[in-house]
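Have a look at the structure below, then the notes.
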Amino acid sequence: MISAFVTALRPLITPLLKLRFEPPALPEGSHTLRRLKPSERYLSYAYLGAFVGHAAVFLPALGVLLVAAAVSRQLVVSIIVAGLILAASLVSLAVTLVTLRVDWELRDYLIGSRSLRLRQGAIVQRELTLSYANVQNVEVNQGPIERLFGFKSLRVSTAGGGRGKSQEHGSSSHEARLVGLEDAEAVRELILGALRQHRDSGLGEPAPEAPRTHARLLEELRDAALTLQRAAERRARRMG
């Protein structure tokens, strides 16, 4: 029912958001290991939050109007004001539901061989790329309500993660949150495996200048030996 309602309203609201629907891409040199999107359970969780938030605003306002009507006996005026508040609340709820749906559709998590890239947001679109060279911690989080809906979140933090600029859900510019995952542990192991491989390959690579330096040294020794040999031959001929 909610999906049908959102689908009907979407053509009216989506053009106002001025969104880019092109999928994000990883930086050059990093190939995609897995592309993820939040679970539909996360969308249901977001819808519930929208209903609760709007009810928390509308019901107290309605209660105040009823009390005011009982005291002042201005029942008609109170009914009109309550109707206006209800109409405004329903319009706001409709816009919120469509925005949440679009935000869910636009969320993309790219797990790459060298980096992690996220795109999220409907009103404000945000793209974030974290290089594995800077990643310090990868942890799975699940609150009581998330446990009820059956999904988890994955937090990937880098150096300085606690001092970055605050972003969504208290995260920082040095932190990425992959929300709405049903297999967060498997995603964590995939990232840790890519992280280990990236660091191992980085530690195992020889320094690029070392082979050339050794070669030049051998050439200098060879040239010096040839010079000494020629000098000895010339001296031997003069003495003979």
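Identifiers in the structure tokens: chain A, B, ... in order shown; residue index from 1 per chain; ligand index from 1 in order shown.
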As a JSON list (two decimals) with N, CA and C atoms, in the first residue's frame, please: every residue in segment 59-181 of chain A that a backbone DSSP assignment puts in alpha helix (DSSP H).
[["chain", "number", "residue", "atom", "x", "y", "z"],
["A", 59, "LEU", "N", 0.06, 14.74, 16.84],
["A", 59, "LEU", "CA", -0.79, 14.38, 17.99],
["A", 59, "LEU", "C", -0.70, 15.38, 19.14],
["A", 60, "PRO", "N", 0.50, 15.83, 19.54],
["A", 60, "PRO", "CA", 0.53, 16.86, 20.59],
["A", 60, "PRO", "C", -0.16, 18.16, 20.16],
["A", 61, "ALA", "N", 0.02, 18.55, 18.90],
["A", 61, "ALA", "CA", -0.65, 19.77, 18.42],
["A", 61, "ALA", "C", -2.17, 19.61, 18.48],
["A", 62, "LEU", "N", -2.66, 18.44, 18.10],
["A", 62, "LEU", "CA", -4.09, 18.17, 18.17],
["A", 62, "LEU", "C", -4.58, 18.19, 19.60],
["A", 63, "GLY", "N", -3.81, 17.64, 20.52],
["A", 63, "GLY", "CA", -4.19, 17.67, 21.93],
["A", 63, "GLY", "C", -4.28, 19.08, 22.47],
["A", 64, "VAL", "N", -3.33, 19.93, 22.10],
["A", 64, "VAL", "CA", -3.37, 21.33, 22.55],
["A", 64, "VAL", "C", -4.61, 22.03, 22.01],
["A", 65, "LEU", "N", -4.96, 21.76, 20.75],
["A", 65, "LEU", "CA", -6.14, 22.39, 20.16],
["A", 65, "LEU", "C", -7.42, 21.94, 20.87],
["A", 66, "LEU", "N", -7.49, 20.67, 21.21],
["A", 66, "LEU", "CA", -8.69, 20.17, 21.90],
["A", 66, "LEU", "C", -8.83, 20.79, 23.28],
["A", 67, "VAL", "N", -7.72, 20.93, 23.97],
["A", 67, "VAL", "CA", -7.77, 21.58, 25.29],
["A", 67, "VAL", "C", -8.17, 23.04, 25.15],
["A", 68, "ALA", "N", -7.59, 23.72, 24.13],
["A", 68, "ALA", "CA", -7.94, 25.13, 23.91],
["A", 68, "ALA", "C", -9.41, 25.27, 23.55],
["A", 69, "ALA", "N", -9.93, 24.34, 22.75],
["A", 69, "ALA", "CA", -11.35, 24.40, 22.37],
["A", 69, "ALA", "C", -12.25, 24.19, 23.58],
["A", 70, "ALA", "N", -11.85, 23.29, 24.48],
["A", 70, "ALA", "CA", -12.66, 23.04, 25.68],
["A", 70, "ALA", "C", -12.67, 24.25, 26.61],
["A", 71, "VAL", "N", -11.56, 24.96, 26.66],
["A", 71, "VAL", "CA", -11.48, 26.12, 27.55],
["A", 71, "VAL", "C", -12.18, 27.33, 26.96],
["A", 72, "SER", "N", -11.91, 27.61, 25.68],
["A", 72, "SER", "CA", -12.45, 28.82, 25.05],
["A", 72, "SER", "C", -13.79, 28.61, 24.36],
["A", 75, "LEU", "N", -14.93, 25.76, 19.26],
["A", 75, "LEU", "CA", -14.78, 24.43, 18.67],
["A", 75, "LEU", "C", -14.57, 24.51, 17.16],
["A", 76, "VAL", "N", -15.32, 25.37, 16.48],
["A", 76, "VAL", "CA", -15.22, 25.47, 15.03],
["A", 76, "VAL", "C", -13.83, 25.91, 14.61],
["A", 77, "VAL", "N", -13.33, 26.94, 15.28],
["A", 77, "VAL", "CA", -11.98, 27.43, 14.95],
["A", 77, "VAL", "C", -10.94, 26.34, 15.20],
["A", 78, "SER", "N", -11.08, 25.63, 16.31],
["A", 78, "SER", "CA", -10.13, 24.56, 16.62],
["A", 78, "SER", "C", -10.17, 23.45, 15.58],
["A", 79, "ILE", "N", -11.37, 23.14, 15.09],
["A", 79, "ILE", "CA", -11.48, 22.11, 14.05],
["A", 79, "ILE", "C", -10.81, 22.56, 12.76],
["A", 80, "ILE", "N", -10.98, 23.81, 12.39],
["A", 80, "ILE", "CA", -10.34, 24.33, 11.17],
["A", 80, "ILE", "C", -8.82, 24.30, 11.30],
["A", 81, "VAL", "N", -8.32, 24.78, 12.44],
["A", 81, "VAL", "CA", -6.87, 24.77, 12.65],
["A", 81, "VAL", "C", -6.33, 23.34, 12.66],
["A", 82, "ALA", "N", -7.05, 22.43, 13.32],
["A", 82, "ALA", "CA", -6.62, 21.03, 13.34],
["A", 82, "ALA", "C", -6.60, 20.44, 11.94],
["A", 83, "GLY", "N", -7.59, 20.80, 11.13],
["A", 83, "GLY", "CA", -7.61, 20.32, 9.75],
["A", 83, "GLY", "C", -6.44, 20.84, 8.95],
["A", 84, "LEU", "N", -6.07, 22.11, 9.14],
["A", 84, "LEU", "CA", -4.91, 22.67, 8.45],
["A", 84, "LEU", "C", -3.61, 21.99, 8.87],
["A", 85, "ILE", "N", -3.49, 21.75, 10.19],
["A", 85, "ILE", "CA", -2.29, 21.06, 10.68],
["A", 85, "ILE", "C", -2.22, 19.65, 10.12],
["A", 86, "LEU", "N", -3.36, 18.96, 10.09],
["A", 86, "LEU", "CA", -3.39, 17.60, 9.55],
["A", 86, "LEU", "C", -3.02, 17.60, 8.07],
["A", 87, "ALA", "N", -3.55, 18.55, 7.30],
["A", 87, "ALA", "CA", -3.24, 18.62, 5.88],
["A", 87, "ALA", "C", -1.75, 18.87, 5.65],
["A", 88, "ALA", "N", -1.19, 19.82, 6.43],
["A", 88, "ALA", "CA", 0.24, 20.12, 6.29],
["A", 88, "ALA", "C", 1.08, 18.91, 6.68],
["A", 89, "SER", "N", 0.64, 18.19, 7.72],
["A", 89, "SER", "CA", 1.38, 17.01, 8.16],
["A", 89, "SER", "C", 1.33, 15.91, 7.10],
["A", 90, "LEU", "N", 0.18, 15.73, 6.46],
["A", 90, "LEU", "CA", 0.06, 14.70, 5.42],
["A", 90, "LEU", "C", 0.91, 15.03, 4.21],
["A", 91, "VAL", "N", 0.94, 16.30, 3.82],
["A", 91, "VAL", "CA", 1.78, 16.72, 2.69],
["A", 91, "VAL", "C", 3.25, 16.49, 3.02],
["A", 92, "SER", "N", 3.64, 16.88, 4.23],
["A", 92, "SER", "CA", 5.03, 16.67, 4.65],
["A", 92, "SER", "C", 5.37, 15.19, 4.69],
["A", 93, "LEU", "N", 4.44, 14.36, 5.18],
["A", 93, "LEU", "CA", 4.67, 12.92, 5.23],
["A", 93, "LEU", "C", 4.82, 12.34, 3.83],
["A", 94, "ALA", "N", 3.98, 12.78, 2.90],
["A", 94, "ALA", "CA", 4.06, 12.28, 1.52],
["A", 94, "ALA", "C", 5.41, 12.61, 0.90],
["A", 95, "VAL", "N", 5.86, 13.85, 1.07],
["A", 95, "VAL", "CA", 7.17, 14.25, 0.53],
["A", 95, "VAL", "C", 8.29, 13.45, 1.18],
["A", 96, "THR", "N", 8.18, 13.24, 2.49],
["A", 96, "THR", "CA", 9.20, 12.47, 3.21],
["A", 96, "THR", "C", 9.27, 11.04, 2.72],
["A", 97, "LEU", "N", 8.12, 10.40, 2.51],
["A", 97, "LEU", "CA", 8.10, 9.01, 2.05],
["A", 97, "LEU", "C", 8.72, 8.87, 0.67],
["A", 98, "VAL", "N", 8.39, 9.79, -0.23],
["A", 98, "VAL", "CA", 8.98, 9.74, -1.58],
["A", 98, "VAL", "C", 10.49, 9.97, -1.50],
["A", 99, "THR", "N", 10.91, 10.91, -0.68],
["A", 99, "THR", "CA", 12.34, 11.19, -0.54],
["A", 99, "THR", "C", 13.08, 9.99, 0.03],
["A", 100, "LEU", "N", 12.49, 9.31, 1.00],
["A", 100, "LEU", "CA", 13.11, 8.11, 1.57],
["A", 100, "LEU", "C", 13.23, 7.00, 0.54],
["A", 101, "ARG", "N", 12.20, 6.87, -0.30],
["A", 101, "ARG", "CA", 12.24, 5.84, -1.34],
["A", 101, "ARG", "C", 13.36, 6.14, -2.34],
["A", 102, "VAL", "N", 13.46, 7.40, -2.77],
["A", 102, "VAL", "CA", 14.50, 7.78, -3.72],
["A", 102, "VAL", "C", 15.88, 7.62, -3.09],
["A", 103, "ASP", "N", 16.00, 8.00, -1.83],
["A", 103, "ASP", "CA", 17.28, 7.83, -1.13],
["A", 103, "ASP", "C", 17.68, 6.36, -1.07],
["A", 104, "TRP", "N", 16.73, 5.49, -0.81],
["A", 104, "TRP", "CA", 17.00, 4.05, -0.77],
["A", 104, "TRP", "C", 17.45, 3.54, -2.14],
["A", 105, "GLU", "N", 16.81, 4.01, -3.20],
["A", 105, "GLU", "CA", 17.17, 3.56, -4.54],
["A", 105, "GLU", "C", 18.56, 4.05, -4.95],
["A", 106, "LEU", "N", 18.92, 5.25, -4.50],
["A", 106, "LEU", "CA", 20.19, 5.85, -4.93],
["A", 106, "LEU", "C", 21.38, 5.39, -4.10],
["A", 144, "PRO", "N", 18.66, -2.23, 18.75],
["A", 144, "PRO", "CA", 17.49, -3.08, 19.03],
["A", 144, "PRO", "C", 16.43, -3.02, 17.94],
["A", 145, "ILE", "N", 16.17, -1.83, 17.40],
["A", 145, "ILE", "CA", 15.17, -1.71, 16.34],
["A", 145, "ILE", "C", 15.69, -2.34, 15.05],
["A", 146, "GLU", "N", 16.97, -2.15, 14.76],
["A", 146, "GLU", "CA", 17.56, -2.80, 13.58],
["A", 146, "GLU", "C", 17.49, -4.32, 13.72],
["A", 147, "ARG", "N", 17.70, -4.81, 14.93],
["A", 147, "ARG", "CA", 17.59, -6.26, 15.18],
["A", 147, "ARG", "C", 16.17, -6.74, 14.92],
["A", 148, "LEU", "N", 15.19, -5.91, 15.28],
["A", 148, "LEU", "CA", 13.79, -6.27, 15.06],
["A", 148, "LEU", "C", 13.48, -6.38, 13.57],
["A", 149, "PHE", "N", 14.06, -5.48, 12.77],
["A", 149, "PHE", "CA", 13.81, -5.49, 11.33],
["A", 149, "PHE", "C", 14.73, -6.47, 10.59]]
Please build the interface table for segment 11-68 of chain A against segment 124-142 of chain A with a cut-off of 12 Å, listing for each qualifying residue the nearest atom pair and the distance in Å to one decimal; count only C-alpha atoms, order rows by chain and increasing number, and write it as JSON lines.
{"residue": "A:Leu17", "atom": "CA", "partner": "A:Val124", "partner_atom": "CA", "distance": 8.8}
{"residue": "A:Lys18", "atom": "CA", "partner": "A:Val124", "partner_atom": "CA", "distance": 9.8}
{"residue": "A:Leu19", "atom": "CA", "partner": "A:Gln125", "partner_atom": "CA", "distance": 7.7}
{"residue": "A:Arg20", "atom": "CA", "partner": "A:Gln125", "partner_atom": "CA", "distance": 8.4}
{"residue": "A:Phe21", "atom": "CA", "partner": "A:Gln125", "partner_atom": "CA", "distance": 10.3}
{"residue": "A:Glu22", "atom": "CA", "partner": "A:Gln125", "partner_atom": "CA", "distance": 12.0}
{"residue": "A:Pro23", "atom": "CA", "partner": "A:Glu127", "partner_atom": "CA", "distance": 10.7}
{"residue": "A:Pro24", "atom": "CA", "partner": "A:Glu127", "partner_atom": "CA", "distance": 8.1}
{"residue": "A:Ala25", "atom": "CA", "partner": "A:Thr129", "partner_atom": "CA", "distance": 9.9}
{"residue": "A:Leu26", "atom": "CA", "partner": "A:Thr129", "partner_atom": "CA", "distance": 8.1}
{"residue": "A:Pro27", "atom": "CA", "partner": "A:Thr129", "partner_atom": "CA", "distance": 8.4}
{"residue": "A:Gly29", "atom": "CA", "partner": "A:Ser131", "partner_atom": "CA", "distance": 11.7}
{"residue": "A:Ser30", "atom": "CA", "partner": "A:Ser131", "partner_atom": "CA", "distance": 10.0}
Write down as JSON, numbers by chain the residues belonging to segment 15-103 of chain A that are assigned strand (DSSP E) by DSSP computed on the backbone. {"A": [32, 33, 34, 35, 36]}
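Atom CA of Arg196 of chain A to atom CA of Gly180 of chain A spans 25.0 Å [interatomic distance, one decimal].
Atom to atom, atom CA of Arg119 of chain A and atom CA of Arg10 of chain A stand 20.6 Å apart.
If you measure from each of A:Ser113, A:Thr158, A:Gln120, A:Ser44 to Arg199 of chain A using only C-alpha atoms, the closest one turns out to be A:Ser113.
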